[in-house]
Structure formats: C-alpha cells, structure tokens
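Next up, protein_4.txt (compact mmCIF, C-alpha atoms):
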```
# COMPACT_ATOMS: atom_id res chain seq x y z
CA MET A 1 -17.64 28.84 1.34
CA ILE A 2 -15.36 25.90 2.17
CA ASN A 3 -13.51 24.28 -0.75
CA MET A 4 -14.37 20.58 -1.16
CA GLU A 5 -10.84 19.83 -2.40
CA TRP A 6 -9.47 21.08 0.91
CA LEU A 7 -11.64 18.54 2.71
CA ARG A 8 -10.66 15.73 0.34
CA THR A 9 -6.98 16.57 0.88
CA PHE A 10 -7.45 16.74 4.67
CA LYS A 11 -9.17 13.32 4.66
CA THR A 12 -6.31 11.82 2.65
CA ILE A 13 -3.61 13.29 4.92
CA TYR A 14 -5.49 11.95 7.95
CA GLU A 15 -5.72 8.43 6.47
CA ARG A 16 -2.20 8.33 4.96
CA GLY A 17 -0.33 9.93 7.84
CA SER A 18 1.83 12.35 5.86
CA MET A 19 1.70 15.02 3.18
CA THR A 20 4.06 13.02 0.97
CA ALA A 21 1.78 9.96 1.00
CA ALA A 22 -1.30 12.16 0.45
CA ALA A 23 0.34 13.88 -2.53
CA GLU A 24 1.13 10.50 -4.14
CA HIS A 25 -2.41 9.24 -3.60
CA LEU A 26 -4.06 12.41 -4.96
CA PHE A 27 -1.55 12.84 -7.83
CA ILE A 28 -0.80 16.44 -6.84
CA SER A 29 2.37 18.12 -5.60
CA GLN A 30 3.34 18.18 -1.94
CA PRO A 31 3.26 22.00 -1.90
CA GLY A 32 -0.30 21.74 -3.24
CA VAL A 33 -1.26 19.42 -0.38
CA SER A 34 0.35 21.81 2.12
CA LEU A 35 -1.54 24.76 0.61
CA HIS A 36 -4.89 22.92 0.84
CA LEU A 37 -4.27 22.04 4.49
CA SER A 38 -3.16 25.53 5.53
CA SER A 39 -6.14 27.06 3.68
CA LEU A 40 -8.54 24.71 5.50
CA GLU A 41 -6.93 25.45 8.87
CA ASN A 42 -7.20 29.20 8.22
CA HIS A 43 -10.86 28.74 7.25
CA VAL A 44 -11.87 26.72 10.34
CA GLY A 45 -9.66 28.75 12.68
CA TYR A 46 -7.66 25.99 14.39
CA LYS A 47 -4.87 23.51 13.76
CA LEU A 48 -5.93 20.09 12.45
CA PHE A 49 -2.57 18.36 12.94
CA GLU A 50 0.42 18.58 15.25
CA ARG A 51 3.56 18.75 13.10
CA ARG A 52 6.29 16.33 14.16
CA PRO A 53 9.35 15.04 12.26
CA ARG A 54 8.10 12.82 9.40
CA LEU A 55 4.69 12.60 11.11
CA LEU A 56 1.38 14.45 11.42
CA ILE A 57 -0.70 13.77 14.54
CA PRO A 58 -4.40 14.78 14.34
CA THR A 59 -5.51 17.25 16.99
CA GLU A 60 -8.81 16.69 18.80
CA GLN A 61 -10.44 19.22 16.45
CA GLY A 62 -8.90 17.33 13.51
CA LYS A 63 -10.37 14.05 14.72
CA GLN A 64 -13.80 15.65 15.11
CA LEU A 65 -13.67 17.16 11.62
CA TYR A 66 -12.56 13.84 10.08
CA ASN A 67 -15.41 11.93 11.75
CA ALA A 68 -17.86 14.54 10.47
CA ILE A 69 -16.74 14.48 6.83
CA VAL A 70 -15.42 10.97 6.12
CA ASP A 71 -18.73 9.32 5.22
CA PRO A 72 -20.10 12.23 3.10
CA ILE A 73 -16.79 12.50 1.18
CA ARG A 74 -16.76 8.76 0.46
CA ARG A 75 -20.36 8.89 -0.78
CA LEU A 76 -19.50 11.77 -3.11
CA GLU A 77 -16.46 9.83 -4.42
CA ASP A 78 -18.66 6.79 -5.07
CA ILE A 79 -21.16 8.96 -6.97
CA GLU A 80 -18.29 10.39 -9.04
CA VAL A 81 -17.08 6.90 -9.98
CA LYS A 82 -20.54 5.61 -10.83
CA SER A 83 -21.30 8.66 -13.00
CA GLN A 84 -18.07 8.05 -14.94
CA ARG A 85 -19.24 4.51 -15.66
CA LYS A 86 -22.62 5.63 -16.99
CA ALA A 87 -21.03 8.28 -19.21
CA SER A 88 -19.21 5.68 -21.31
CA GLU A 89 -21.26 2.48 -21.42
CA ASP A 90 -19.89 1.67 -24.88
CA ARG A 91 -16.43 1.38 -23.32
CA PRO A 92 -16.68 -0.25 -19.90
CA THR A 93 -14.77 1.17 -16.95
CA LEU A 94 -13.03 -1.20 -14.55
CA ILE A 95 -11.99 -0.08 -11.08
CA LEU A 96 -9.07 -2.01 -9.65
CA GLY A 97 -7.66 -1.86 -6.14
CA MET A 98 -4.17 -3.16 -5.43
CA CYS A 99 -0.71 -2.47 -4.04
CA PHE A 100 1.21 0.20 -5.97
CA GLU A 101 4.29 -2.00 -6.47
CA THR A 102 2.22 -4.97 -7.64
CA PHE A 103 0.59 -2.70 -10.23
CA GLN A 104 3.97 -1.48 -11.48
CA LEU A 105 5.36 -5.00 -11.89
CA SER A 106 2.34 -6.82 -13.24
CA LEU A 107 0.11 -4.39 -15.11
CA GLU A 108 1.57 -0.94 -15.76
CA ALA A 109 3.19 -1.84 -19.10
CA ALA A 110 -0.09 -3.23 -20.46
CA VAL A 111 -2.31 -0.24 -19.62
CA PRO A 112 -2.08 1.59 -23.02
CA ASP A 113 -3.32 -1.51 -24.85
CA LEU A 114 -6.38 -2.22 -22.72
CA PRO A 115 -9.70 -2.10 -24.66
CA PHE A 116 -11.56 -0.59 -21.67
CA ASN A 117 -11.17 2.26 -19.19
CA LEU A 118 -9.20 1.54 -16.03
CA ILE A 119 -9.21 3.37 -12.70
CA LEU A 120 -6.55 2.33 -10.19
CA GLU A 121 -7.04 2.76 -6.46
CA PHE A 122 -4.21 2.35 -3.95
CA GLY A 123 -5.20 2.19 -0.30
CA GLU A 124 -5.74 0.01 2.73
CA TYR A 125 -7.07 -3.43 1.86
CA ARG A 126 -9.94 -3.09 4.33
CA GLU A 127 -11.15 0.06 2.59
CA LEU A 128 -10.72 -1.42 -0.89
CA LEU A 129 -12.63 -4.59 0.04
CA LYS A 130 -15.45 -2.53 1.57
CA LYS A 131 -15.79 -0.68 -1.75
CA LEU A 132 -15.82 -4.04 -3.54
CA GLU A 133 -18.60 -5.27 -1.27
CA ASP A 134 -20.58 -2.10 -2.12
CA GLN A 135 -19.91 -2.76 -5.86
CA VAL A 136 -17.95 0.45 -6.30
CA THR A 137 -14.69 -1.38 -7.03
CA ASP A 138 -14.63 -4.30 -9.49
CA LEU A 139 -11.50 -6.23 -8.50
CA VAL A 140 -9.08 -6.15 -5.56
CA VAL A 141 -5.68 -7.87 -5.40
CA THR A 142 -5.29 -8.62 -1.70
CA PRO A 143 -3.44 -10.77 0.85
CA GLN A 144 -6.58 -10.70 2.99
CA SER A 145 -9.71 -12.77 2.42
CA PRO A 146 -12.36 -11.86 5.01
CA GLU A 147 -15.86 -13.21 4.56
CA LEU A 148 -17.86 -10.46 2.87
CA ARG A 149 -21.32 -10.37 1.35
CA GLY A 150 -21.27 -11.42 -2.32
CA ILE A 151 -17.45 -11.57 -2.60
CA SER A 152 -15.52 -14.54 -3.98
CA TYR A 153 -11.75 -15.10 -3.65
CA GLU A 154 -9.35 -16.87 -5.98
CA ARG A 155 -5.81 -17.58 -4.76
CA PHE A 156 -3.37 -16.97 -7.62
CA SER A 157 0.04 -16.06 -6.20
CA GLN A 158 2.07 -15.64 -3.05
CA GLU A 159 4.80 -13.45 -1.63
CA LYS A 160 7.46 -14.33 0.91
CA ILE A 161 8.32 -11.55 3.34
CA VAL A 162 12.12 -11.41 3.73
CA LEU A 163 14.97 -9.41 5.21
CA VAL A 164 16.99 -7.69 2.47
CA ALA A 165 20.40 -6.01 2.58
CA GLY A 166 21.53 -2.98 0.62
CA LYS A 167 24.61 -2.55 -1.53
CA ASN A 168 27.97 -3.12 0.23
CA LEU A 169 26.40 -3.81 3.63
CA ASP A 170 28.92 -5.50 5.95
CA VAL A 171 27.13 -8.70 7.00
CA SER A 172 30.05 -10.32 8.79
CA GLY A 173 28.25 -9.87 12.11
CA PHE A 174 25.07 -11.57 10.90
CA ASP A 175 24.64 -14.91 12.75
CA ALA A 176 21.20 -16.50 12.72
CA SER A 177 22.40 -19.29 15.05
CA ASP A 178 22.42 -16.79 17.94
CA PRO A 179 18.94 -15.16 18.20
CA VAL A 180 19.92 -12.71 20.94
CA GLY A 181 23.10 -11.64 19.18
CA LEU A 182 21.24 -11.45 15.89
CA GLN A 183 18.68 -9.02 17.32
CA ASP A 184 21.47 -6.85 18.73
CA TRP A 185 23.20 -6.78 15.33
CA LEU A 186 19.99 -6.00 13.48
CA THR A 187 19.08 -3.07 15.74
CA GLN A 188 22.49 -1.48 15.15
CA GLN A 189 21.90 -1.23 11.38
CA LEU A 190 20.24 1.49 9.30
CA TRP A 191 16.64 0.57 8.47
CA TYR A 192 14.16 1.66 5.81
CA GLY A 193 10.39 1.65 6.30
CA ILE A 194 7.19 2.86 4.65
CA ALA A 195 5.20 5.87 5.83
CA GLY A 196 2.17 4.75 7.82
CA ASP A 197 2.66 1.03 7.09
CA ASN A 198 5.26 -1.09 8.85
CA ASP A 199 3.04 -4.16 9.00
CA HIS A 200 5.61 -6.39 7.28
CA LEU A 201 8.35 -5.42 9.76
CA LEU A 202 6.06 -5.99 12.77
CA ARG A 203 4.83 -9.36 11.54
CA PHE A 204 8.32 -10.57 10.53
CA TRP A 205 9.76 -9.62 13.91
CA LYS A 206 6.95 -11.28 15.88
CA GLN A 207 7.15 -14.39 13.70
CA ASN A 208 10.85 -14.83 14.37
CA PHE A 209 11.51 -13.21 17.75
CA GLN A 210 8.06 -13.48 19.40
CA ARG A 211 7.92 -9.78 20.18
CA SER A 212 7.63 -6.41 18.51
CA PRO A 213 10.76 -4.58 17.31
CA ASP A 214 12.07 -2.01 19.80
CA PHE A 215 13.23 0.45 17.14
CA ARG A 216 11.84 2.60 14.34
CA PRO A 217 13.24 2.72 10.81
CA ASN A 218 15.81 5.45 10.25
CA TYR A 219 14.38 6.39 6.84
CA ILE A 220 10.64 6.54 6.16
CA VAL A 221 9.87 6.58 2.41
CA PRO A 222 6.65 6.37 0.35
CA ASN A 223 6.73 2.75 -0.92
CA PHE A 224 8.72 -0.47 -1.34
CA HIS A 225 10.22 0.57 -4.66
CA SER A 226 11.62 3.70 -3.02
CA ILE A 227 13.18 1.47 -0.35
CA LEU A 228 14.72 -0.84 -2.94
CA ARG A 229 16.03 2.01 -5.09
CA ASN A 230 17.82 3.41 -2.05
CA LEU A 231 19.17 0.02 -0.98
CA SER A 232 20.50 -0.55 -4.50
CA ARG A 233 22.82 2.42 -3.91
CA ALA A 234 23.70 2.21 -0.22
CA PRO A 235 23.90 -0.14 2.78
CA GLY A 236 20.86 -0.73 4.96
CA LEU A 237 18.14 -3.24 5.82
CA ALA A 238 14.42 -3.58 5.16
CA ILE A 239 11.62 -6.15 5.30
CA VAL A 240 9.96 -6.49 1.87
CA PRO A 241 8.10 -9.02 -0.33
CA ASP A 242 10.75 -11.12 -2.09
CA PHE A 243 9.41 -10.82 -5.66
CA LEU A 244 9.82 -7.04 -5.62
CA CYS A 245 13.60 -7.46 -5.39
CA HIS A 246 14.06 -9.03 -8.85
CA PRO A 247 14.61 -5.70 -10.73
CA PHE A 248 17.27 -4.69 -8.13
CA PRO A 249 20.28 -7.05 -8.41
CA GLU A 250 22.31 -4.93 -5.96
CA VAL A 251 19.79 -5.79 -3.20
CA SER A 252 20.24 -9.26 -1.71
CA VAL A 253 17.90 -11.42 0.34
CA LEU A 254 19.80 -11.79 3.61
CA TRP A 255 17.38 -13.93 5.60
CA GLU A 256 13.99 -15.63 5.24
CA GLY A 257 13.63 -15.99 9.00
CA TYR A 258 13.53 -18.96 11.35
CA SER A 259 9.95 -19.48 10.23
CA PRO A 260 9.25 -18.00 6.76
CA LEU A 261 6.40 -15.51 6.57
CA VAL A 262 4.31 -16.09 3.44
CA ASN A 263 1.33 -14.04 2.24
CA GLN A 264 -1.18 -15.69 -0.07
CA LEU A 265 -2.47 -13.31 -2.75
CA TYR A 266 -6.07 -13.39 -3.93
CA PHE A 267 -8.26 -11.92 -6.63
CA ALA A 268 -11.35 -10.63 -4.86
CA ARG A 269 -14.40 -9.84 -7.00
CA HIS A 270 -18.13 -9.46 -6.64
CA LYS A 271 -20.19 -12.45 -7.74
CA GLN A 272 -22.62 -10.11 -9.51
CA SER A 273 -19.99 -8.20 -11.52
CA ARG A 274 -21.14 -7.14 -15.00
CA HIS A 275 -17.63 -6.98 -16.46
CA LYS A 276 -16.66 -10.63 -16.77
CA ALA A 277 -14.55 -10.29 -19.96
CA PRO A 278 -12.47 -7.27 -18.80
CA LEU A 279 -11.99 -8.92 -15.41
CA LYS A 280 -10.74 -12.10 -17.03
CA GLN A 281 -8.24 -10.14 -19.14
CA ILE A 282 -6.94 -8.10 -16.19
CA MET A 283 -6.59 -11.20 -14.01
CA GLY A 284 -4.67 -12.99 -16.78
CA LEU A 285 -2.22 -10.10 -17.19
CA ILE A 286 -1.56 -9.89 -13.47
CA ARG A 287 -1.26 -13.65 -13.06
CA GLN A 288 1.39 -14.06 -15.77
CA ASN A 289 3.67 -11.48 -14.13
CA MET A 290 3.38 -12.65 -10.52
CA PRO A 291 5.11 -15.55 -8.70
CA PRO A 292 3.26 -18.89 -9.02
CA ILE A 293 1.68 -20.60 -6.04
CA ASP A 294 4.00 -22.95 -4.18
CA THR A 295 1.92 -26.14 -4.02
CA ASP A 296 3.87 -27.27 -0.94
CA SER A 297 2.80 -24.26 1.09
```
Starting from the file, give its structure as structure tokens.
Amino acid sequence: MINMEWLRTFKTIYERGSMTAAAEHLFISQPGVSLHLSSLENHVGYKLFERRPRLLIPTEQGKQLYNAIVDPIRRLEDIEVKSQRKASEDRPTLILGMCFETFQLSLEAAVPDLPFNLILEFGEYRELLKKLEDQVTDLVVTPQSPELRGISYERFSQEKIVLVAGKNLDVSGFDASDPVGLQDWLTQQLWYGIAGDNDHLLRFWKQNFQRSPDFRPNYIVPNFHSILRNLSRAPGLAIVPDFLCHPFPEVSVLWEGYSPLVNQLYFARHKQSRHKAPLKQIMGLIRQNMPPIDTDS
C-alpha cells in the first residue's frame, strides 16, 4: 500500500521546486524528503522529476500524479486542521499564514506567551488566501488583496523593495545616472536569490529597466534571511524588502531604484471569524514590530 507521507512530500516538492524548500516546509530533514521521493518513485515504477542543478523539473508522469492527488491531499489536510480545533475548544487554535521572515521579526519571540494554540503556515499567498476564504486559515499577512468572498483587508504596514550590497562589495562602478552602464555593472556581480521565488527581482528590474533581467542568481538559497546572513559575510547583491535588513548592519541598501517599488501589507481575515480576541492580539503584536504606513505613499 502507498504511504500517504510519500504523497504529501511529493506534493510539497512539486509546489516548492526543491527538496531543500520542501524539507523546510515539512519540518523534516532533506535526506528524509529524498527517501520519501525515491520510495514513491520505486513504488509507482517511474521517475517523477528530472534532476537538474538546484532544480527539479516534473516529468509528464509527475504532472499527472500531482493533478490526481493535489485536491484529495488538501482536503485531508483541512480535515486534520479542523479536527485539531475541535479537540481543544477550551483553548482556541489560530491558524496564521504569512511570510517566514515576517514571522521571525514580528511574532516569533511572543509565541511562548500566547494564551491560545497557534499553527503557522508558510506558502504562496494565493494558496493561503484560498484557505482563508474556505475558513481553514484565520488570518493571512499578505501584500495581495484580491476580492474574495467574505474576506476583509486592513492595511497596516508596507515594505520597500530595494537593492542591497554585501560586506566589502566594491561599488565604485555603480552609477545610476547611466542606465545602460548600470545594467552592465549589475549583471557582472554575484547575485543571491530564493528557490522558486524571484518575484521581487523580476518586479524591481521591470520597474526600473522596463524589461526582465537576463541573468539568474548565482546562489539560490531558502529565504531572505539566508540571503542576508550570507551578504553580511561576503560581497554580493540581492533584491529584498528593506525592513528585513535592520538586524544585518553589514548589509547596506545600495539603491531604491529610479521608481521605488513599494508593497502594501494587509491583514486578511474572514468576516465570520469566531476568534476575534486572539486575532486582535496577534494583529497587535505583528503591527508593533513592522514598519508604519507612509501616509505620503
């Protein structure tokens, strides 16, 4: 009989794009992820991914298997979450979806003192908001605010997407007054990016140069904090939200762009939520540790 954990791991690898990202999301080791995948491939009798450097590409059989299991797996996960809620009605459980780095900066230190259970989910905003619409998730911190059934948004913070330079980077060739020369200089540098998510780099480049970048980052790492930790020790460039740089004095903001790129951050919650008091407490904790809204923006 097929092991359900193999399927859950396969689904996560497919959605995250790498074993490293899947291991972080599932809170298991990378060798464990690799073992689950190889066991599933041995069971079904064919390869589910093509292995390439720093990348896994689903095979046609992998795509077919993913399409067959994705909805049933999500329904089972929703049932698991809802059953956890019912098991402890005397101590409410709040499910919060947000960016990993935002959680670390704004909420992680307060977790042991919370008077309720907390489940954190890190994933794509579209997926998190869909769960919120289905009343599986209670609160999502998001830069996106699509119109969804029963969902209200409250703008509470913002992040500026900036170009940052690592320790001891030689910036003598940086000249923003020459856009063509600037692009040439930038493409000659070492770049850091995030596995499966270079949205900030793409948007920053299009905002300032009206086209997509014609290079890929040299180093693909799991998250922004990993980028910043590396840049605090060595030269390099990356595009990151500005407020994440504060704990890393060795990393400097090199450029905000010709036209600054600003994300508005929202609390998204369901209008029919039953957990008004816990939600209010969580929102207050996050708000006090995040940058205030610039009223001029």
For this session: Counting all atoms listed in the file, note down every residue that has an atom within 6 Å of the point (17.1, 3.6, 7.7) (file coordinates), as a PyMOL selection string.
Result: chain A and resi 190-192+217-219
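The residue set within 12 Å of Ile28 of chain A, counting all atoms listed in the file and dropping same-chain residues fewer than 5 places from it, reads Glu5, Thr9, Thr12, Met19, Thr20, Ala21, Ala22, Ala23, Val33, Ser34, Leu35 and His36 of chain A.
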Problem set entry | Contacts of Glu121 of chain A within 12 Å, all atoms listed in the file, excl. fewer than 6 positions in-chain, as a PyMOL selection string | chain A and resi 24-27+77+81+94-100+103+127-129+131-132+136-141
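Protein, DNA and RNA residues at most 10 Å from (9.1, -10.7, -11.7), with only C-alpha atoms, are these: Thr102, Leu105, Ser106, Asp242, Phe243, Leu244, Cys245, His246, Pro247, Gln288, Asn289, Met290 and Pro291 of chain A.
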Exercise. Quick one: residues within 10 Å of Asp199 of chain A, only C-alpha atoms counted, chain neighbours fewer than 6 positions away excluded, as JSON, numbers by chain?
Worked result: {"A": [193, 205, 239]}
Emit a file covering segment 149-174 of chain A of the preceding structure with N, CA and C atoms, as a compact mmCIF listing (two decimals), in the first residue's frame.
```txt
# COMPACT_ATOMS: atom_id res chain seq x y z
N ARG A 149 -14.68 36.13 -1.44
CA ARG A 149 -15.94 36.01 -0.73
C ARG A 149 -15.73 36.02 0.79
N GLY A 150 -16.33 37.01 1.48
CA GLY A 150 -16.31 37.06 2.93
C GLY A 150 -15.02 37.54 3.55
N ILE A 151 -14.05 38.03 2.75
CA ILE A 151 -12.74 38.41 3.26
C ILE A 151 -12.63 39.94 3.34
N SER A 152 -12.14 40.44 4.47
CA SER A 152 -11.88 41.86 4.62
C SER A 152 -10.38 42.09 4.77
N TYR A 153 -9.91 43.25 4.31
CA TYR A 153 -8.48 43.59 4.34
C TYR A 153 -8.28 44.86 5.15
N GLU A 154 -7.18 44.87 5.93
CA GLU A 154 -6.81 46.05 6.69
C GLU A 154 -5.34 46.35 6.43
N ARG A 155 -5.05 47.46 5.77
CA ARG A 155 -3.66 47.84 5.50
C ARG A 155 -3.01 48.28 6.81
N PHE A 156 -1.82 47.75 7.12
CA PHE A 156 -1.21 48.07 8.41
C PHE A 156 0.28 48.38 8.31
N SER A 157 0.91 48.06 7.19
CA SER A 157 2.34 48.28 7.06
C SER A 157 2.71 48.31 5.59
N GLN A 158 3.99 48.52 5.33
CA GLN A 158 4.46 48.49 3.95
C GLN A 158 5.93 48.11 3.93
N GLU A 159 6.38 47.62 2.79
CA GLU A 159 7.78 47.26 2.62
C GLU A 159 8.27 47.83 1.30
N LYS A 160 9.45 48.39 1.33
CA LYS A 160 10.07 48.92 0.11
C LYS A 160 11.05 47.87 -0.39
N ILE A 161 10.95 47.53 -1.67
CA ILE A 161 11.82 46.52 -2.26
C ILE A 161 13.07 47.22 -2.80
N VAL A 162 14.25 46.85 -2.30
CA VAL A 162 15.47 47.59 -2.58
C VAL A 162 16.61 46.67 -3.02
N LEU A 163 17.61 47.29 -3.64
CA LEU A 163 18.84 46.59 -3.99
C LEU A 163 19.81 46.72 -2.82
N VAL A 164 20.31 45.59 -2.32
CA VAL A 164 21.24 45.63 -1.19
C VAL A 164 22.59 45.05 -1.60
N ALA A 165 23.65 45.56 -0.94
CA ALA A 165 25.02 45.13 -1.22
C ALA A 165 25.60 44.43 0.00
N GLY A 166 26.37 43.38 -0.26
CA GLY A 166 27.01 42.62 0.82
C GLY A 166 28.28 43.28 1.32
N LYS A 167 28.83 42.70 2.34
CA LYS A 167 30.02 43.23 3.02
C LYS A 167 31.19 43.36 2.05
N ASN A 168 31.84 44.53 2.07
CA ASN A 168 33.06 44.81 1.31
C ASN A 168 32.87 44.75 -0.21
N LEU A 169 31.63 44.90 -0.69
CA LEU A 169 31.42 44.93 -2.13
C LEU A 169 32.01 46.23 -2.70
N ASP A 170 32.77 46.13 -3.76
CA ASP A 170 33.33 47.31 -4.44
C ASP A 170 32.22 47.94 -5.29
N VAL A 171 31.72 49.10 -4.86
CA VAL A 171 30.63 49.76 -5.57
C VAL A 171 31.11 50.98 -6.35
N SER A 172 32.40 51.05 -6.62
CA SER A 172 32.92 52.20 -7.34
C SER A 172 32.37 52.29 -8.76
N GLY A 173 31.97 51.16 -9.33
CA GLY A 173 31.42 51.17 -10.68
C GLY A 173 29.93 51.41 -10.74
N PHE A 174 29.30 51.57 -9.58
CA PHE A 174 27.84 51.79 -9.55
C PHE A 174 27.54 53.24 -9.93
```
